[in-house]
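Note: the block below is model-v8.pdb and it holds PDB, C-alpha atoms, pLDDT in the B column.
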```pdb
ATOM      1  CA  MET A 735      -3.337   9.636 -18.367  1.00 78.00           C
ATOM      2  CA  GLU A 736       0.313  10.313 -17.571  1.00 79.00           C
ATOM      3  CA  ALA A 737       0.544  12.675 -20.554  1.00 86.00           C
ATOM      4  CA  VAL A 738      -2.598  14.554 -19.464  1.00 89.00           C
ATOM      5  CA  LEU A 739      -1.308  14.821 -15.912  1.00 87.00           C
ATOM      6  CA  GLY A 740       2.067  16.073 -17.143  1.00 85.00           C
ATOM      7  CA  HIS A 741       0.389  18.714 -19.306  1.00 91.00           C
ATOM      8  CA  LEU A 742      -1.847  20.009 -16.518  1.00 92.00           C
ATOM      9  CA  ARG A 743       0.888  19.870 -13.891  1.00 88.00           C
ATOM     10  CA  SER A 744       3.267  21.825 -16.126  1.00 89.00           C
ATOM     11  CA  ALA A 745       0.581  24.417 -16.852  1.00 91.00           C
ATOM     12  CA  ILE A 746      -0.016  24.894 -13.122  1.00 90.00           C
ATOM     13  CA  GLU A 747       3.686  25.103 -12.284  1.00 86.00           C
ATOM     14  CA  ARG A 748       4.251  27.621 -15.111  1.00 89.00           C
ATOM     15  CA  GLY A 749       1.445  29.780 -13.766  1.00 90.00           C
ATOM     16  CA  ASP A 750      -0.903  29.308 -16.718  1.00 92.00           C
ATOM     17  CA  TYR A 751      -3.390  28.415 -14.007  1.00 92.00           C
ATOM     18  CA  ALA A 752      -2.622  30.484 -10.906  1.00 92.00           C
ATOM     19  CA  VAL A 753      -3.389  29.573  -7.324  1.00 91.00           C
ATOM     20  CA  GLY A 754      -7.095  30.229  -6.829  1.00 91.00           C
ATOM     21  CA  ASP A 755      -7.975  29.734 -10.502  1.00 93.00           C
ATOM     22  CA  ARG A 756     -10.602  27.238 -11.531  1.00 94.00           C
ATOM     23  CA  LEU A 757      -9.556  24.777 -14.198  1.00 94.00           C
ATOM     24  CA  PRO A 758     -11.689  24.595 -17.338  1.00 94.00           C
ATOM     25  CA  SER A 759     -14.643  22.222 -17.138  1.00 93.00           C
ATOM     26  CA  GLU A 760     -14.132  18.514 -17.734  1.00 92.00           C
ATOM     27  CA  ALA A 761     -15.917  18.786 -21.061  1.00 93.00           C
ATOM     28  CA  GLU A 762     -13.658  21.642 -22.167  1.00 93.00           C
ATOM     29  CA  LEU A 763     -10.472  19.873 -21.058  1.00 93.00           C
ATOM     30  CA  CYS A 764     -11.527  16.679 -22.811  1.00 94.00           C
ATOM     31  CA  ARG A 765     -12.086  18.662 -25.989  1.00 93.00           C
ATOM     32  CA  ARG A 766      -8.784  20.533 -25.761  1.00 92.00           C
ATOM     33  CA  LEU A 767      -6.686  17.506 -24.861  1.00 92.00           C
ATOM     34  CA  GLU A 768      -8.606  15.057 -27.028  1.00 92.00           C
ATOM     35  CA  VAL A 769      -9.025  12.460 -24.294  1.00 93.00           C
ATOM     36  CA  SER A 770     -11.941  10.596 -22.755  1.00 93.00           C
ATOM     37  CA  ARG A 771     -13.552  11.729 -19.526  1.00 92.00           C
ATOM     38  CA  PRO A 772     -12.330   8.687 -17.514  1.00 89.00           C
ATOM     39  CA  VAL A 773      -8.721   9.443 -18.515  1.00 89.00           C
ATOM     40  CA  LEU A 774      -9.138  13.101 -17.585  1.00 92.00           C
ATOM     41  CA  ARG A 775     -10.695  12.243 -14.234  1.00 89.00           C
ATOM     42  CA  GLU A 776      -7.770   9.960 -13.363  1.00 85.00           C
ATOM     43  CA  ALA A 777      -5.399  12.837 -14.092  1.00 88.00           C
ATOM     44  CA  LEU A 778      -7.476  15.252 -12.018  1.00 90.00           C
ATOM     45  CA  ARG A 779      -7.487  12.810  -9.107  1.00 85.00           C
ATOM     46  CA  ALA A 780      -3.700  12.552  -9.354  1.00 85.00           C
ATOM     47  CA  LEU A 781      -3.374  16.346  -9.291  1.00 88.00           C
ATOM     48  CA  GLN A 782      -5.470  16.434  -6.130  1.00 84.00           C
ATOM     49  CA  THR A 783      -3.429  13.632  -4.528  1.00 81.00           C
ATOM     50  CA  MET A 784      -0.292  15.634  -5.248  1.00 82.00           C
ATOM     51  CA  GLY A 785      -1.779  18.650  -3.482  1.00 82.00           C
ATOM     52  CA  LEU A 786      -1.946  20.912  -6.544  1.00 87.00           C
ATOM     53  CA  THR A 787      -5.726  21.135  -6.807  1.00 88.00           C
ATOM     54  CA  ILE A 788      -8.898  20.613  -4.849  1.00 87.00           C
ATOM     55  CA  SER A 789     -12.276  19.550  -6.181  1.00 87.00           C
ATOM     56  CA  ARG A 790     -15.354  21.366  -4.905  1.00 88.00           C
ATOM     57  CA  THR A 791     -18.651  19.661  -5.588  1.00 85.00           C
ATOM     58  CA  GLY A 792     -20.757  21.609  -8.031  1.00 85.00           C
ATOM     59  CA  LYS A 793     -18.091  24.278  -8.479  1.00 89.00           C
ATOM     60  CA  GLY A 794     -15.186  22.573 -10.239  1.00 91.00           C
ATOM     61  CA  THR A 795     -11.483  21.996  -9.681  1.00 93.00           C
ATOM     62  CA  PHE A 796      -9.372  24.800  -8.228  1.00 94.00           C
ATOM     63  CA  VAL A 797      -5.601  25.278  -8.072  1.00 92.00           C
ATOM     64  CA  VAL A 798      -4.317  25.442  -4.500  1.00 88.00           C
ATOM     65  CA  SER A 799      -0.544  25.178  -5.071  1.00 85.00           C
ATOM     66  CA  ASN A 800       1.872  25.668  -7.945  1.00 83.00           C
ATOM     67  CA  GLY A 801       4.979  24.215  -6.302  1.00 73.00           C
ATOM     68  CA  PRO A 802       6.392  20.716  -6.079  1.00 66.00           C
ATOM     69  CA  VAL A 803       4.445  18.565  -3.667  1.00 72.00           C
ATOM     70  CA  GLU A 804       6.569  17.132  -0.873  1.00 77.00           C
ATOM     71  CA  ASP A 805       4.050  14.802   0.743  1.00 85.00           C
ATOM     72  CA  PRO A 806       0.942  13.687  -1.194  1.00 87.00           C
ATOM     73  CA  THR A 807      -2.111  12.445   0.659  1.00 88.00           C
ATOM     74  CA  PHE A 808      -3.795   9.094   0.123  1.00 90.00           C
ATOM     75  CA  GLY A 809      -7.249   9.070   1.652  1.00 85.00           C
ATOM     76  CA  ASP A 810      -6.902  10.170   5.262  1.00 89.00           C
ATOM     77  CA  TYR A 811      -3.141   9.774   5.491  1.00 92.00           C
ATOM     78  CA  ALA A 812      -0.049  11.595   4.241  1.00 92.00           C
ATOM     79  CA  ALA A 813       2.370   9.425   2.285  1.00 93.00           C
ATOM     80  CA  SER A 814       5.196   9.974   4.807  1.00 94.00           C
ATOM     81  CA  ASP A 815       2.983   8.920   7.729  1.00 96.00           C
ATOM     82  CA  LEU A 816       1.764   5.891   5.819  1.00 96.00           C
ATOM     83  CA  LEU A 817       5.265   4.742   4.944  1.00 96.00           C
ATOM     84  CA  GLU A 818       6.541   5.263   8.495  1.00 96.00           C
ATOM     85  CA  VAL A 819       3.819   3.039   9.891  1.00 96.00           C
ATOM     86  CA  ARG A 820       4.282   0.432   7.170  1.00 96.00           C
ATOM     87  CA  ARG A 821       8.006   0.168   7.955  1.00 97.00           C
ATOM     88  CA  HIS A 822       7.338  -0.298  11.660  1.00 97.00           C
ATOM     89  CA  VAL A 823       4.534  -2.799  11.132  1.00 97.00           C
ATOM     90  CA  GLU A 824       4.929  -4.695   7.865  1.00 98.00           C
ATOM     91  CA  ILE A 825       8.654  -5.451   8.104  1.00 98.00           C
ATOM     92  CA  PRO A 826       8.460  -7.254  11.483  1.00 98.00           C
ATOM     93  CA  VAL A 827       5.113  -8.761  10.446  1.00 98.00           C
ATOM     94  CA  ALA A 828       6.835 -10.428   7.493  1.00 98.00           C
ATOM     95  CA  GLY A 829       9.335 -11.950   9.915  1.00 98.00           C
ATOM     96  CA  TYR A 830       6.606 -13.288  12.190  1.00 98.00           C
ATOM     97  CA  ALA A 831       4.744 -14.615   9.152  1.00 98.00           C
ATOM     98  CA  ALA A 832       7.834 -16.573   8.055  1.00 98.00           C
ATOM     99  CA  GLU A 833       7.918 -18.287  11.450  1.00 98.00           C
ATOM    100  CA  ARG A 834       4.176 -18.802  11.988  1.00 98.00           C
ATOM    101  CA  ARG A 835       2.556 -19.240   8.540  1.00 98.00           C
ATOM    102  CA  THR A 836       0.414 -22.302   7.975  1.00 97.00           C
ATOM    103  CA  PRO A 837       0.198 -24.397   4.803  1.00 97.00           C
ATOM    104  CA  GLU A 838      -3.171 -22.760   4.163  1.00 98.00           C
ATOM    105  CA  ASP A 839      -1.605 -19.303   4.432  1.00 97.00           C
ATOM    106  CA  LEU A 840       1.042 -20.246   1.879  1.00 97.00           C
ATOM    107  CA  ASP A 841      -1.542 -21.703  -0.491  1.00 97.00           C
ATOM    108  CA  HIS A 842      -3.610 -18.520  -0.261  1.00 97.00           C
ATOM    109  CA  LEU A 843      -0.634 -16.210  -0.824  1.00 97.00           C
ATOM    110  CA  THR A 844       0.696 -18.267  -3.732  1.00 97.00           C
ATOM    111  CA  HIS A 845      -2.701 -18.390  -5.425  1.00 97.00           C
ATOM    112  CA  LEU A 846      -3.186 -14.652  -4.926  1.00 97.00           C
ATOM    113  CA  LEU A 847       0.258 -13.852  -6.310  1.00 96.00           C
ATOM    114  CA  ASP A 848      -0.335 -16.088  -9.349  1.00 96.00           C
ATOM    115  CA  ARG A 849      -3.520 -14.136 -10.074  1.00 96.00           C
ATOM    116  CA  MET A 850      -1.716 -10.811  -9.672  1.00 96.00           C
ATOM    117  CA  GLU A 851       0.998 -11.828 -12.105  1.00 95.00           C
ATOM    118  CA  ARG A 852      -1.632 -12.660 -14.738  1.00 95.00           C
ATOM    119  CA  GLU A 853      -3.794  -9.585 -14.133  1.00 93.00           C
ATOM    120  CA  THR A 854      -3.629  -6.733 -16.640  1.00 88.00           C
ATOM    121  CA  ASP A 855      -6.405  -4.495 -15.276  1.00 88.00           C
ATOM    122  CA  THR A 856      -5.011  -1.914 -12.870  1.00 84.00           C
ATOM    123  CA  THR A 857      -8.155  -1.678 -10.723  1.00 86.00           C
ATOM    124  CA  ALA A 858      -8.308  -5.432 -10.217  1.00 93.00           C
ATOM    125  CA  TRP A 859      -4.574  -5.630  -9.524  1.00 94.00           C
ATOM    126  CA  VAL A 860      -4.739  -2.857  -6.928  1.00 93.00           C
ATOM    127  CA  ALA A 861      -7.538  -4.685  -5.097  1.00 94.00           C
ATOM    128  CA  MET A 862      -5.410  -7.831  -4.974  1.00 96.00           C
ATOM    129  CA  ASP A 863      -2.380  -5.818  -3.865  1.00 96.00           C
ATOM    130  CA  THR A 864      -4.146  -4.794  -0.675  1.00 95.00           C
ATOM    131  CA  LEU A 865      -5.390  -8.360  -0.179  1.00 97.00           C
ATOM    132  CA  PHE A 866      -1.784  -9.559  -0.467  1.00 97.00           C
ATOM    133  CA  HIS A 867      -0.599  -7.332   2.361  1.00 97.00           C
ATOM    134  CA  LEU A 868      -3.583  -8.340   4.470  1.00 97.00           C
ATOM    135  CA  ALA A 869      -2.755 -11.996   3.830  1.00 97.00           C
ATOM    136  CA  VAL A 870       0.845 -11.508   4.973  1.00 98.00           C
ATOM    137  CA  ALA A 871      -0.455  -9.888   8.164  1.00 97.00           C
ATOM    138  CA  GLN A 872      -2.906 -12.761   8.629  1.00 97.00           C
ATOM    139  CA  SER A 873      -0.007 -15.211   8.307  1.00 98.00           C
ATOM    140  CA  ALA A 874       1.641 -13.643  11.367  1.00 98.00           C
ATOM    141  CA  GLN A 875      -1.195 -15.155  13.434  1.00 97.00           C
ATOM    142  CA  ASN A 876      -1.804 -11.957  15.390  1.00 97.00           C
ATOM    143  CA  PRO A 877      -5.190 -10.326  14.764  1.00 96.00           C
ATOM    144  CA  VAL A 878      -3.890  -6.908  15.824  1.00 97.00           C
ATOM    145  CA  PHE A 879      -1.514  -6.805  12.864  1.00 97.00           C
ATOM    146  CA  ARG A 880      -4.342  -7.526  10.450  1.00 95.00           C
ATOM    147  CA  ARG A 881      -6.470  -4.843  12.119  1.00 96.00           C
ATOM    148  CA  VAL A 882      -3.723  -2.261  11.569  1.00 96.00           C
ATOM    149  CA  ILE A 883      -3.490  -3.117   7.865  1.00 96.00           C
ATOM    150  CA  GLU A 884      -7.288  -3.025   7.624  1.00 96.00           C
ATOM    151  CA  GLU A 885      -7.238   0.513   9.033  1.00 95.00           C
ATOM    152  CA  ILE A 886      -4.912   1.756   6.286  1.00 95.00           C
ATOM    153  CA  ARG A 887      -6.360  -0.442   3.533  1.00 94.00           C
ATOM    154  CA  ASP A 888      -8.051   2.379   1.639  1.00 94.00           C
ATOM    155  CA  ALA A 889      -4.892   4.497   1.734  1.00 94.00           C
ATOM    156  CA  LEU A 890      -2.815   1.544   0.529  1.00 94.00           C
ATOM    157  CA  ALA A 891      -5.163   1.056  -2.410  1.00 93.00           C
ATOM    158  CA  ARG A 892      -5.030   4.740  -3.356  1.00 90.00           C
ATOM    159  CA  GLN A 893      -1.248   4.773  -3.131  1.00 92.00           C
ATOM    160  CA  SER A 894      -0.966   1.566  -5.133  1.00 92.00           C
ATOM    161  CA  ALA A 895      -3.169   2.933  -7.917  1.00 88.00           C
ATOM    162  CA  PHE A 896      -1.188   6.186  -7.968  1.00 88.00           C
ATOM    163  CA  LEU A 897       2.166   4.405  -8.227  1.00 89.00           C
ATOM    164  CA  ASN A 898       0.961   2.002 -10.878  1.00 85.00           C
ATOM    165  CA  GLU A 899      -0.588   4.671 -13.077  1.00 79.00           C
ATOM    166  CA  LEU A 900       2.378   7.049 -12.853  1.00 79.00           C
ATOM    167  CA  GLY A 901       5.342   4.913 -11.873  1.00 78.00           C
ATOM    168  CA  GLY A 902       4.948   1.677 -13.811  1.00 81.00           C
ATOM    169  CA  ARG A 903       5.148  -0.309 -10.574  1.00 87.00           C
ATOM    170  CA  ARG A 904       3.097  -3.411 -11.347  1.00 91.00           C
ATOM    171  CA  GLU A 905       5.672  -5.831 -12.785  1.00 92.00           C
ATOM    172  CA  GLN A 906       8.383  -4.880 -10.324  1.00 94.00           C
ATOM    173  CA  SER A 907       5.946  -5.054  -7.435  1.00 95.00           C
ATOM    174  CA  ASN A 908       4.959  -8.562  -8.515  1.00 96.00           C
ATOM    175  CA  ARG A 909       8.621  -9.588  -8.351  1.00 96.00           C
ATOM    176  CA  GLU A 910       8.992  -8.016  -4.914  1.00 97.00           C
ATOM    177  CA  HIS A 911       5.868  -9.822  -3.710  1.00 97.00           C
ATOM    178  CA  ARG A 912       7.239 -13.091  -5.120  1.00 97.00           C
ATOM    179  CA  ALA A 913      10.432 -12.622  -3.087  1.00 98.00           C
ATOM    180  CA  ILE A 914       8.352 -12.103   0.057  1.00 98.00           C
ATOM    181  CA  VAL A 915       6.330 -15.274  -0.573  1.00 98.00           C
ATOM    182  CA  GLU A 916       9.466 -17.312  -1.300  1.00 98.00           C
ATOM    183  CA  ALA A 917      10.926 -16.192   2.018  1.00 98.00           C
ATOM    184  CA  LEU A 918       7.727 -17.217   3.803  1.00 98.00           C
ATOM    185  CA  VAL A 919       7.800 -20.621   2.079  1.00 97.00           C
ATOM    186  CA  ASP A 920      11.419 -21.066   3.223  1.00 97.00           C
ATOM    187  CA  GLY A 921      10.483 -20.006   6.739  1.00 97.00           C
ATOM    188  CA  SER A 922      13.302 -17.463   6.759  1.00 97.00           C
ATOM    189  CA  GLU A 923      12.616 -14.573   9.113  1.00 98.00           C
ATOM    190  CA  ARG A 924      15.680 -12.692   7.862  1.00 98.00           C
ATOM    191  CA  ASP A 925      14.852 -13.071   4.175  1.00 98.00           C
ATOM    192  CA  ALA A 926      11.217 -12.122   4.765  1.00 98.00           C
ATOM    193  CA  THR A 927      12.049  -8.912   6.608  1.00 98.00           C
ATOM    194  CA  GLU A 928      14.673  -7.997   4.012  1.00 98.00           C
ATOM    195  CA  ALA A 929      12.241  -8.659   1.141  1.00 98.00           C
ATOM    196  CA  MET A 930       9.544  -6.520   2.738  1.00 98.00           C
ATOM    197  CA  ALA A 931      12.031  -3.741   3.518  1.00 98.00           C
ATOM    198  CA  HIS A 932      13.200  -3.768  -0.105  1.00 98.00           C
ATOM    199  CA  HIS A 933       9.593  -3.596  -1.296  1.00 97.00           C
ATOM    200  CA  LEU A 934       8.888  -0.541   0.852  1.00 97.00           C
ATOM    201  CA  ASP A 935      12.171   1.085  -0.216  1.00 97.00           C
ATOM    202  CA  ARG A 936      11.100   0.807  -3.855  1.00 95.00           C
ATOM    203  CA  VAL A 937       7.661   2.215  -3.055  1.00 95.00           C
ATOM    204  CA  GLU A 938       9.329   5.259  -1.505  1.00 94.00           C
ATOM    205  CA  THR A 939      11.789   5.654  -4.398  1.00 93.00           C
ATOM    206  CA  THR A 940       9.045   5.576  -7.025  1.00 91.00           C
ATOM    207  CA  LEU A 941       6.826   7.962  -5.085  1.00 90.00           C
ATOM    208  CA  THR A 942       9.710  10.417  -4.712  1.00 89.00           C
ATOM    209  CA  ALA A 943      10.493  10.177  -8.429  1.00 87.00           C
ATOM    210  CA  ILE A 944       6.887  11.079  -9.267  1.00 84.00           C
ATOM    211  CA  VAL A 945       6.328  13.989  -6.907  1.00 81.00           C
ATOM    212  CA  ARG A 946       9.887  15.370  -6.878  1.00 75.00           C
ATOM    213  CA  PRO A 947      11.479  14.552 -10.246  1.00 67.00           C
ATOM    214  CA  GLY A 948      15.258  14.687 -10.152  1.00 58.00           C
ATOM    215  CA  ARG A 949      15.409  14.428  -6.352  1.00 50.00           C
ATOM    216  CA  THR A 950      15.740  10.710  -5.781  1.00 44.00           C
ATOM    217  CA  ASP A 951      19.249  10.819  -4.307  1.00 45.00           C
ATOM    218  CA  GLY A 952      20.770   8.753  -7.057  1.00 41.00           C
ATOM    219  CA  ALA A 953      17.883   6.305  -7.328  1.00 40.00           C
ATOM    220  CA  ASP A 954      16.181   5.510 -10.602  1.00 40.00           C
ATOM    221  CA  THR A 955      14.177   8.399 -12.020  1.00 35.00           C
ATOM    222  CA  PRO A 956      11.158   8.145 -14.303  1.00 35.00           C
ATOM    223  CA  THR A 957      11.807   7.445 -17.933  1.00 35.00           C
ATOM    224  CA  GLU A 958       9.673   8.909 -20.662  1.00 35.00           C
ATOM    225  CA  GLY A 959       6.584   6.868 -21.357  1.00 36.00           C
ATOM    226  CA  GLY A 960       6.262   4.847 -18.184  1.00 38.00           C
ATOM    227  CA  GLY A 961       8.432   5.761 -15.220  1.00 38.00           C
ATOM    228  CA  PRO A 962      10.804   3.552 -13.276  1.00 35.00           C
ATOM    229  CA  GLN A 963      10.214  -0.137 -12.832  1.00 36.00           C
ATOM    230  CA  ALA A 964      10.765   0.377  -9.147  1.00 35.00           C
TER     231      ALA A 964
END
```
Just dump the structure as structure tokens.
Amino acid sequence: MEAVLGHLRSAIERGDYAVGDRLPSEAELCRRLEVSRPVLREALRALQTMGLTISRTGKGTFVVSNGPVEDPTFGDYAASDLLEVRRHVEIPVAGYAAERRTPEDLDHLTHLLDRMERETDTTAWVAMDTLFHLAVAQSAQNPVFRRVIEEIRDALARQSAFLNELGGRREQSNREHRAIVEALVDGSERDATEAMAHHLDRVETTLTAIVRPGRTDGADTPTEGGGPQA
């Protein structure tokens, strides 16, 4: 999928497909690129997330921009807005969770993380990723925090899938989640907030590396064949 996305993105940025052009049909692209329709559709969804194309029901996929995308959209929310809210909510939430979590909360989080570390299917892992962040919010023992995460749950899932498909995030994210859980087990408010802040920093770094290659301000940039483990 990453190779298909790279091919189509390069073609758009070179002007092979100009703004306003309709991309070839899915059947034609599958034939040309020698890939399955599910792989192609993942790539087309990524192009739309990055703001390069738009899909019009019954009409096809059209190019709407040929420049680098500064701020992709996940569901109803721009990535920058999503990250800003997550920093203001999830970092202090992790601190409250370290102080207020119950034994049942810790059992649930540990079991969920164990499942995530064994999971190889991206769709299943992404679903558990959102459940993990909901469980941390639940551990803070404030229903408003959980409601906020519920509101952005769909956007979180879309962003998670995007980063895992194009940025190779899964293994590193598991390690970051493990650090968060360990801090909650220790009851350390400082370690929990630092672990969550680090997790969100790496999300931002990987997203920047995908949408603006070479502009990560010294952070890791994608490597051929899988992207940063960030």
Self-check item: One-decimal distance in Å that lies between atom CA of Arg821 of chain A and atom CA of Glu833 of chain A
Solution: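 Taking atom CA of Glu833 of chain A and atom CA of Arg821 of chain A, their separation equals 18.8 Å.
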Practice problem: Report as an NGL selection string the full result of the PyMOL selection byres ((chain A and resi 908-913) around 10) when it is applied to this structure. | Solution: :A and (843-844 or 847-848 or 850-852 or 863 or 866-867 or 903-907 or 914-919 or 925-926 or 928-934 or 936 or 964)
Quiz item: Quick one, how far is atom CA of Leu742 of chain A from atom CA of Gly902 of chain A?
Solution: 19.7 Å
Quiz item: What does the distance between atom CA of Val882 of chain A and atom CA of His842 of chain A come to in Å, to one decimal place?
Solution: 20.1 Å
Quiz item: Using the chain letters and numbers from the file, which residues does the PyMOL selection byres ((chain A and resi 880) around 12) grab, as a PyMOL selection string?
Solution: chain A and resi 823-824+827-828+831+864-879+881-887
For those residues, write C-alpha atoms to a file as a short mmCIF file (atom, residue, chain, number, x, y, z; two decimals), keeping the file's coordinate frame.
```cif
data_model
loop_
_atom_site.label_atom_id
_atom_site.label_comp_id
_atom_site.auth_asym_id
_atom_site.auth_seq_id
_atom_site.Cartn_x
_atom_site.Cartn_y
_atom_site.Cartn_z
CA VAL A 823 4.53 -2.80 11.13
CA GLU A 824 4.93 -4.70 7.86
CA VAL A 827 5.11 -8.76 10.45
CA ALA A 828 6.84 -10.43 7.49
CA ALA A 831 4.74 -14.62 9.15
CA THR A 864 -4.15 -4.79 -0.68
CA LEU A 865 -5.39 -8.36 -0.18
CA PHE A 866 -1.78 -9.56 -0.47
CA HIS A 867 -0.60 -7.33 2.36
CA LEU A 868 -3.58 -8.34 4.47
CA ALA A 869 -2.76 -12.00 3.83
CA VAL A 870 0.84 -11.51 4.97
CA ALA A 871 -0.46 -9.89 8.16
CA GLN A 872 -2.91 -12.76 8.63
CA SER A 873 -0.01 -15.21 8.31
CA ALA A 874 1.64 -13.64 11.37
CA GLN A 875 -1.20 -15.16 13.43
CA ASN A 876 -1.80 -11.96 15.39
CA PRO A 877 -5.19 -10.33 14.76
CA VAL A 878 -3.89 -6.91 15.82
CA PHE A 879 -1.51 -6.80 12.86
CA ARG A 881 -6.47 -4.84 12.12
CA VAL A 882 -3.72 -2.26 11.57
CA ILE A 883 -3.49 -3.12 7.86
CA GLU A 884 -7.29 -3.02 7.62
CA GLU A 885 -7.24 0.51 9.03
CA ILE A 886 -4.91 1.76 6.29
CA ARG A 887 -6.36 -0.44 3.53
#
```
Self-check item: Residue among A:Met784, A:Asp805, A:Arg775, A:Ser814 lying closest to Ser759 of chain A, counting all atoms listed in the file
Solution: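 Between A:Met784, A:Asp805, A:Arg775, A:Ser814, the residue approaching Ser759 of chain A most closely is A:Arg775.
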Self-check item: Pick from A:Gly921, A:Leu739, A:Ala780, A:Thr787 nearest to Tyr830 of chain A, counting all atoms listed in the file
Solution: A:Gly921
If I wrap all listed atoms of segment 871-885 of chain A in a box with edges along x, y and z and add 5 Å on each side, what are its centre and edge lengths in Å to one decimal, as JSON?
```
{"center_x": -2.8, "center_y": -7.3, "center_z": 11.7, "size_x": 18.9, "size_y": 25.7, "size_z": 18.2}
```
Assuming the chain letters and numbering stay as they are in my file, what does the PyMOL selection byres ((chain A and resi 898) around 12) actually select? List them as a PDB file with C-alpha atoms, keeping the file's coordinate frame.
```pdb
ATOM      1  CA  MET A 735      -3.337   9.636 -18.367  1.00 78.00           C
ATOM      2  CA  GLU A 736       0.313  10.313 -17.571  1.00 79.00           C
ATOM      3  CA  ALA A 780      -3.700  12.552  -9.354  1.00 85.00           C
ATOM      4  CA  THR A 854      -3.629  -6.733 -16.640  1.00 88.00           C
ATOM      5  CA  ASP A 855      -6.405  -4.495 -15.276  1.00 88.00           C
ATOM      6  CA  THR A 856      -5.011  -1.914 -12.870  1.00 84.00           C
ATOM      7  CA  THR A 857      -8.155  -1.678 -10.723  1.00 86.00           C
ATOM      8  CA  ALA A 858      -8.308  -5.432 -10.217  1.00 93.00           C
ATOM      9  CA  TRP A 859      -4.574  -5.630  -9.524  1.00 94.00           C
ATOM     10  CA  VAL A 860      -4.739  -2.857  -6.928  1.00 93.00           C
ATOM     11  CA  ASP A 863      -2.380  -5.818  -3.865  1.00 96.00           C
ATOM     12  CA  ALA A 891      -5.163   1.056  -2.410  1.00 93.00           C
ATOM     13  CA  ARG A 892      -5.030   4.740  -3.356  1.00 90.00           C
ATOM     14  CA  GLN A 893      -1.248   4.773  -3.131  1.00 92.00           C
ATOM     15  CA  SER A 894      -0.966   1.566  -5.133  1.00 92.00           C
ATOM     16  CA  ALA A 895      -3.169   2.933  -7.917  1.00 88.00           C
ATOM     17  CA  PHE A 896      -1.188   6.186  -7.968  1.00 88.00           C
ATOM     18  CA  LEU A 897       2.166   4.405  -8.227  1.00 89.00           C
ATOM     19  CA  GLU A 899      -0.588   4.671 -13.077  1.00 79.00           C
ATOM     20  CA  LEU A 900       2.378   7.049 -12.853  1.00 79.00           C
ATOM     21  CA  GLY A 901       5.342   4.913 -11.873  1.00 78.00           C
ATOM     22  CA  GLY A 902       4.948   1.677 -13.811  1.00 81.00           C
ATOM     23  CA  ARG A 903       5.148  -0.309 -10.574  1.00 87.00           C
ATOM     24  CA  ARG A 904       3.097  -3.411 -11.347  1.00 91.00           C
ATOM     25  CA  GLU A 905       5.672  -5.831 -12.785  1.00 92.00           C
ATOM     26  CA  GLN A 906       8.383  -4.880 -10.324  1.00 94.00           C
ATOM     27  CA  SER A 907       5.946  -5.054  -7.435  1.00 95.00           C
ATOM     28  CA  ASN A 908       4.959  -8.562  -8.515  1.00 96.00           C
ATOM     29  CA  VAL A 937       7.661   2.215  -3.055  1.00 95.00           C
ATOM     30  CA  THR A 940       9.045   5.576  -7.025  1.00 91.00           C
ATOM     31  CA  LEU A 941       6.826   7.962  -5.085  1.00 90.00           C
ATOM     32  CA  ILE A 944       6.887  11.079  -9.267  1.00 84.00           C
ATOM     33  CA  GLY A 960       6.262   4.847 -18.184  1.00 38.00           C
ATOM     34  CA  GLY A 961       8.432   5.761 -15.220  1.00 38.00           C
ATOM     35  CA  PRO A 962      10.804   3.552 -13.276  1.00 35.00           C
ATOM     36  CA  GLN A 963      10.214  -0.137 -12.832  1.00 36.00           C
ATOM     37  CA  ALA A 964      10.765   0.377  -9.147  1.00 35.00           C
TER      38      ALA A 964
END
```
Quiz item: For Ser789 of chain A, which residue among A:Gly754, A:Pro772, A:Pro826, A:Gly749 is the nearest when counting all atoms listed in the file?
Solution: A:Gly754
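Among A:Asn800, A:Thr939, A:Thr783, A:Ser922, the residue with the shortest atom-to-atom distance to Ala889 of chain A, counting all atoms listed in the file, is A:Thr783.
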Quiz prompt | Glu747 of chain A environment, 10 Å, all atoms listed in the file, sequence neighbours closer than 4 positions dropped, as number ranges by chain | solution = A: 742-743, 751-753, 786, 799-802
Quiz item: Given the choices A:Arg924, A:Leu846, A:Val738, A:Leu816, which gets closest to Arg771 of chain A if the distance is worked out from all atoms listed in the file?
Solution: A:Val738
